[in-house]
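Written below as structure tokens is the structure these notes are about.
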Protein chains: 2
Amino acid sequence: MKHAVTYELIKEDKRTRARRGVIHTPHGDIQTPVFMPVGTQASVKAMRPEEVRDMGAEIILSNTYHLYLRPGQEIVRQAGGLHKFMNWQRAILTDSGGFQVFSLGALRRITEEGVRFRSHIDGSEHFITPEKSIEIQNCLGSDIMMAFDECAPYPADRAYVKNSLERTTRWLYRCRDYHQDWERQSLFGIMQGGMYKDLRKQSAEEIVALDLPGYAIGGLSVGEPKELMLDILDDCVLLLPADKPRYLMGVGTPDYLFEGVERGLDMFDCVLPTRIARHGMAMTSHGRVNIKNARYEKDFTPLDPECDCYTCRNYSRAYLRHLFKSGEMLSSMLLSHHNLHFLINMMKNIRQAIEDDCFTEYKHEFYGKYGKF
Amino acid sequence: MKHAVTYELIKEDKRTRARRGVIHTPHGDIQTPVFMPVGTQASVKAMRPEEVRDMGAEIILSNTYHLYLRPGQEIVRQAGGLHKFMNWQRAILTDSGGFQVFSLGALRRITEEGVRFRSHIDGSEHFITPEKSIEIQNCLGSDIMMAFDECAPYPADRAYVKNSLERTTRWLYRCRDYHQDWERQSLFGIMQGGMYKDLRKQSAEEIVALDLPGYAIGGLSVGEPKELMLDILDDCVLLLPADKPRYLMGVGTPDYLFEGVERGLDMFDCVLPTRIARHGMAMTSHGRVNIKNARYEKDFTPLDPECDCYTCRNYSRAYLRHLFKSGEMLSSMLLSHHNLHFLINMMKNIRQAIEDDCFTEYKHEFYGKYGKF
């Protein structure tokens, strides 16, 4: 079977598991390791797609749950697919809707068949099965589709997690069987198993058996301590095949990206950069900046003196603070731009460092300047 | 005295009072008639300044009242002036704060000395005099400053309006006397007089006597019927000198722009295009479009099929509707862009039509297609 998405390894770090690669997709190549900006509702918030492209993003993520509810996958299909609908010509990854549906808590009920839930928008009742998730993602036309899984909460007891991951495996088979056009869209499986290493192993063995074009690690960074998360992650990566992309879901602070890369992960996504931007927070080479702070009132220097993004080239902290305090949309636009540029540029530096055999040095340098995460 | 701002007449229409000119300013030339986008708080809402520039805007308006309260004129001055603070290299006109202060209603009290008022932001008490208004505008560094005036409400009795316009004249003298650097910034006087033609004449004679570099017509489009407004406007224009720019304040619907141009006005401003954009409304060559309307759910055509702006080249009505319904900022960004482009492009066509001796034909063609205003 010819796959839409394939992974090519370029170089492995000598001292860590960090690796430099390329993911080939029907909508262009993706240099890895990569951070994927999130466009939940078919828009990377407060950004024009050309801005996202021009800062070097080669793939974005969008959300099946949100687009299913609004505007509905049929409208996106009729528009010519999500790429055309939202004016984004590069690669798109869609999640399965599983994570959002399970996050609804009291509003959803899980059975072997699927998940019944109420819309967070209007309370209407819906039923999503693995087949339905793939059907929606087929309409969206993303390059990478994610399997419909359950992300177990933290903490959760062993029996719950085991039961959950085994159902996730059965659902993965159903996703695989339902999907037809593998040359157009690739399906990635998701490893679960909570904080139980033996269950992680069981999950990995079950999903790797399907020989899918890529695999993700789900159910981490869900509230557990960082040390526990990294300990589990250490094990998880080794359970996944080296010739496929490895995706750590929902992770986006600079330190988690470095730790993930160091352990051999290739793909990351998070709403963090655009979300904190809307709250007046910026990531800079010297740590976080809260632009609301009174100390920036008469600070006419750029947000990040080491950054060459549009925001830092053209505006001062004093102006950005004024915009935020005045409730101007331009505040979100400029801070979102900077934060996304910051992470994308950081990943570019990480890739270069791996190529130049100095990933560990770059990590230490970055950590030293960034300070507390 | 050498003035910062001068007017050059290029051509007069043969059949109407419409005229084609250029306003020279320290921050570049402005082709007239011109529509000025409004950047109330040092930002044209939901727009990057380069977007505003690239669609052809040669001047924007900003608000003294708002910038005085936040961030404060001293911060803008220290930033190097408003142009630098907000990253806008072309011309800027600042209003005097008078209109906003008088709009505060119960929150303000007028004396001969000035206006005492409470901030709409935090209720703090402030006192603005004509001298203070010029001092603030000197700090902002706009190319065109407006005199501190009272815009009488509609309806208002004759005695009130007469008293108000005479105080406005006295305030204009104080503004004129306080301002020093006329080569850097020009002061425009504002004609008042409500709906009373003899008072309009009185106001005009009093302010024209000062031989200022430009004049505005204030106190129109404040709730009076359109016929009355146009009737008063007919008279007003003839009372102002032909060798100075004439500015009709706060007017921005397409029909008012055409009627204003036809009567010999050169400058217009209004928050309308960006404000209605944030409410999902667009101005198109075939009239207004309410993007919220269900009929656009599966409409994959551009917002305005005759428009070549960024929004119309890249997005469908279905997508714009989706963005609005989903509360995405990109909705305001794209609709604001389109609406501003629409008015700026319309003014460009008007200028060309005057040059080509077909202003009246262009007006009829536009009205025929646009439909009800």
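Residue numbering restarts at 1 in every chain; chains get A, B, ... in the order shown in the structure tokens, and ligands count up from 1 in that same order.
Selecting chain B residues within 8 Å of chain A and counting only C-alpha atoms yields Gln41, Ser43, Lys45, Ala46, Met47, Arg48, Arg70, Pro71, Ile75, Gln78, Ala79, Phe85, Met86, Asn87, Glu297, Lys298, Phe300, Asn314, Tyr315, Ser316, Tyr319, His322, Leu323, Ser326, Glu328, Met329, Leu330 and Met333 of chain B.
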Could you write those residues out with C-alpha atoms, as a CSV table (one decimal), in the first residue's frame?
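Just written: result.csv:
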chain,number,residue,atom,x,y,z
B,41,GLN,CA,-6.7,54.2,20.1
B,43,SER,CA,-4.7,51.3,15.9
B,45,LYS,CA,-9.1,48.1,14.6
B,46,ALA,CA,-8.1,44.6,13.6
B,47,MET,CA,-5.7,45.9,10.9
B,48,ARG,CA,-1.9,46.0,10.6
B,70,ARG,CA,-4.6,55.9,27.6
B,71,PRO,CA,-1.7,55.6,27.3
B,75,ILE,CA,4.2,58.3,26.6
B,78,GLN,CA,8.5,59.9,24.5
B,79,ALA,CA,7.9,57.1,22.0
B,85,PHE,CA,4.5,54.7,18.3
B,86,MET,CA,1.9,53.0,16.1
B,87,ASN,CA,4.2,52.2,13.1
B,297,GLU,CA,-23.9,28.9,4.6
B,298,LYS,CA,-23.0,27.1,1.4
B,300,PHE,CA,-18.6,29.5,-1.9
B,314,ASN,CA,-8.9,34.2,-0.9
B,315,TYR,CA,-12.0,33.4,1.0
B,316,SER,CA,-15.7,32.5,0.4
B,319,TYR,CA,-15.9,30.6,5.3
B,322,HIS,CA,-18.2,30.2,9.6
B,323,LEU,CA,-15.5,32.5,11.2
B,326,SER,CA,-17.4,30.8,15.6
B,328,GLU,CA,-12.9,33.9,15.3
B,329,MET,CA,-10.9,37.2,15.2
B,330,LEU,CA,-10.0,36.5,11.6
B,333,MET,CA,-9.7,41.1,10.4
message = Could you list, as an MDAnalysis selection string, every residue within 9 Å of Val208 of chain A, counting only C-alpha atoms and ignoring same-chain residues fewer than 5 positions away?
response = chainID A and resid 189 203 215 239:241
task = Tell me which protein, DNA and RNA residues are within 7 Å of Arg116 of chain A, counting only C-alpha atoms, leaving out same-chain ones fewer than 5 positions away, and put them as number ranges by chain.
result = A: 108-110, 126-128
query = So how far away is atom CA of Thr32 of chain B from atom CA of Ser285 of chain B, in Å?
reply = 21.4 Å
ask   = For Thr311 of chain B, which of B:Asp13, B:Glu51, B:Glu355, B:Asp231 is the closest residue, counting only C-alpha atoms?
value = B:Glu51
ask   = Which residues come within 12 Å of Ala242 of chain B, counting only C-alpha atoms, excluding same-chain residues fewer than 6 positions away, as a list in words?
value =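 Once the adjacent positions are removed, what remains is Tyr7, Glu8, Leu9, Glu12, Arg17, Ala18, Arg19, Arg20, Gly21, Val208, Asp211, Pro213, Gly214, Tyr215, Gly264, Leu265 and Asp266 of chain B.
Taking only segment 150-216 of chain B, the residues that DSSP calls strand (DSSP E) from the backbone come to Ser186, Leu187, Phe188, Gly189, Ile190, Met191, Gly214, Tyr215 and Ala216 of chain B.
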Convert the current residue selection to file output with N, CA, C and O atoms, as a PDB file, in the first residue's frame.
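Everything below was put into result37.pdb:
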ATOM      1  N   SER B 186      -0.379  71.486  11.340  1.00  0.00           N
ATOM      2  CA  SER B 186      -1.376  72.493  10.965  1.00  0.00           C
ATOM      3  C   SER B 186      -2.620  72.345  11.814  1.00  0.00           C
ATOM      4  O   SER B 186      -3.007  71.234  12.197  1.00  0.00           O
ATOM      5  N   LEU B 187      -3.249  73.483  12.088  1.00  0.00           N
ATOM      6  CA  LEU B 187      -4.506  73.490  12.848  1.00  0.00           C
ATOM      7  C   LEU B 187      -5.661  73.803  11.906  1.00  0.00           C
ATOM      8  O   LEU B 187      -5.592  74.776  11.154  1.00  0.00           O
ATOM      9  N   PHE B 188      -6.684  72.954  11.952  1.00  0.00           N
ATOM     10  CA  PHE B 188      -7.894  73.212  11.163  1.00  0.00           C
ATOM     11  C   PHE B 188      -8.977  73.767  12.092  1.00  0.00           C
ATOM     12  O   PHE B 188      -9.135  73.292  13.223  1.00  0.00           O
ATOM     13  N   GLY B 189      -9.733  74.762  11.589  1.00  0.00           N
ATOM     14  CA  GLY B 189     -10.886  75.267  12.330  1.00  0.00           C
ATOM     15  C   GLY B 189     -12.128  74.464  11.985  1.00  0.00           C
ATOM     16  O   GLY B 189     -12.186  73.802  10.942  1.00  0.00           O
ATOM     17  N   ILE B 190     -13.103  74.480  12.887  1.00  0.00           N
ATOM     18  CA  ILE B 190     -14.339  73.714  12.662  1.00  0.00           C
ATOM     19  C   ILE B 190     -15.541  74.648  12.676  1.00  0.00           C
ATOM     20  O   ILE B 190     -15.779  75.359  13.656  1.00  0.00           O
ATOM     21  N   MET B 191     -16.294  74.644  11.592  1.00  0.00           N
ATOM     22  CA  MET B 191     -17.519  75.425  11.511  1.00  0.00           C
ATOM     23  C   MET B 191     -18.646  74.698  12.252  1.00  0.00           C
ATOM     24  O   MET B 191     -18.841  73.493  12.074  1.00  0.00           O
ATOM     25  N   GLY B 214      -6.793  74.902   6.913  1.00  0.00           N
ATOM     26  CA  GLY B 214      -7.883  74.030   6.495  1.00  0.00           C
ATOM     27  C   GLY B 214      -9.084  74.215   7.390  1.00  0.00           C
ATOM     28  O   GLY B 214      -8.957  74.735   8.515  1.00  0.00           O
ATOM     29  N   TYR B 215     -10.248  73.805   6.895  1.00  0.00           N
ATOM     30  CA  TYR B 215     -11.482  73.969   7.661  1.00  0.00           C
ATOM     31  C   TYR B 215     -12.358  72.725   7.581  1.00  0.00           C
ATOM     32  O   TYR B 215     -12.404  72.046   6.553  1.00  0.00           O
ATOM     33  N   ALA B 216     -13.047  72.475   8.685  1.00  0.00           N
ATOM     34  CA  ALA B 216     -13.954  71.331   8.727  1.00  0.00           C
ATOM     35  C   ALA B 216     -15.377  71.802   8.978  1.00  0.00           C
ATOM     36  O   ALA B 216     -15.597  72.879   9.538  1.00  0.00           O
TER      37      ALA B 216
END
Give me the residues near Leu343 of chain A as a CSV table (one decimal) with N, CA, C and O atoms, in the first residue's frame, where near means some atom within 9 Å (using only C-alpha atoms) and where sequence neighbours in that chain fewer than 5 positions away do not count.
chain,number,residue,atom,x,y,z
A,35,PHE,N,7.0,21.9,15.3
A,35,PHE,CA,5.9,22.4,16.1
A,35,PHE,C,4.8,22.8,15.2
A,35,PHE,O,5.0,23.5,14.3
A,252,GLY,N,3.5,21.9,24.3
A,252,GLY,CA,3.9,23.1,23.6
A,252,GLY,C,4.8,24.1,24.4
A,252,GLY,O,5.2,25.1,23.8
A,253,THR,N,5.1,23.9,25.6
A,253,THR,CA,6.0,24.8,26.3
A,253,THR,C,7.4,24.5,25.8
A,253,THR,O,7.7,23.3,25.5
A,254,PRO,N,8.3,25.5,25.8
A,254,PRO,CA,9.6,25.3,25.2
A,254,PRO,C,10.3,24.1,25.9
A,254,PRO,O,11.0,23.3,25.2
A,273,PRO,N,0.9,29.0,22.5
A,273,PRO,CA,1.4,30.3,22.0
A,273,PRO,C,0.3,31.3,21.6
A,273,PRO,O,0.5,32.5,22.0
A,283,MET,N,6.4,34.6,24.9
A,283,MET,CA,7.6,33.8,25.2
A,283,MET,C,8.7,34.6,24.5
A,283,MET,O,8.6,34.9,23.3
A,338,HIS,N,4.2,36.9,17.3
A,338,HIS,CA,5.5,36.7,18.0
A,338,HIS,C,5.6,35.3,18.6
A,338,HIS,O,6.6,34.7,18.4
A,348,LYS,N,13.4,25.5,14.5
A,348,LYS,CA,14.3,25.6,13.4
A,348,LYS,C,15.8,25.5,13.9
A,348,LYS,O,16.6,24.8,13.4
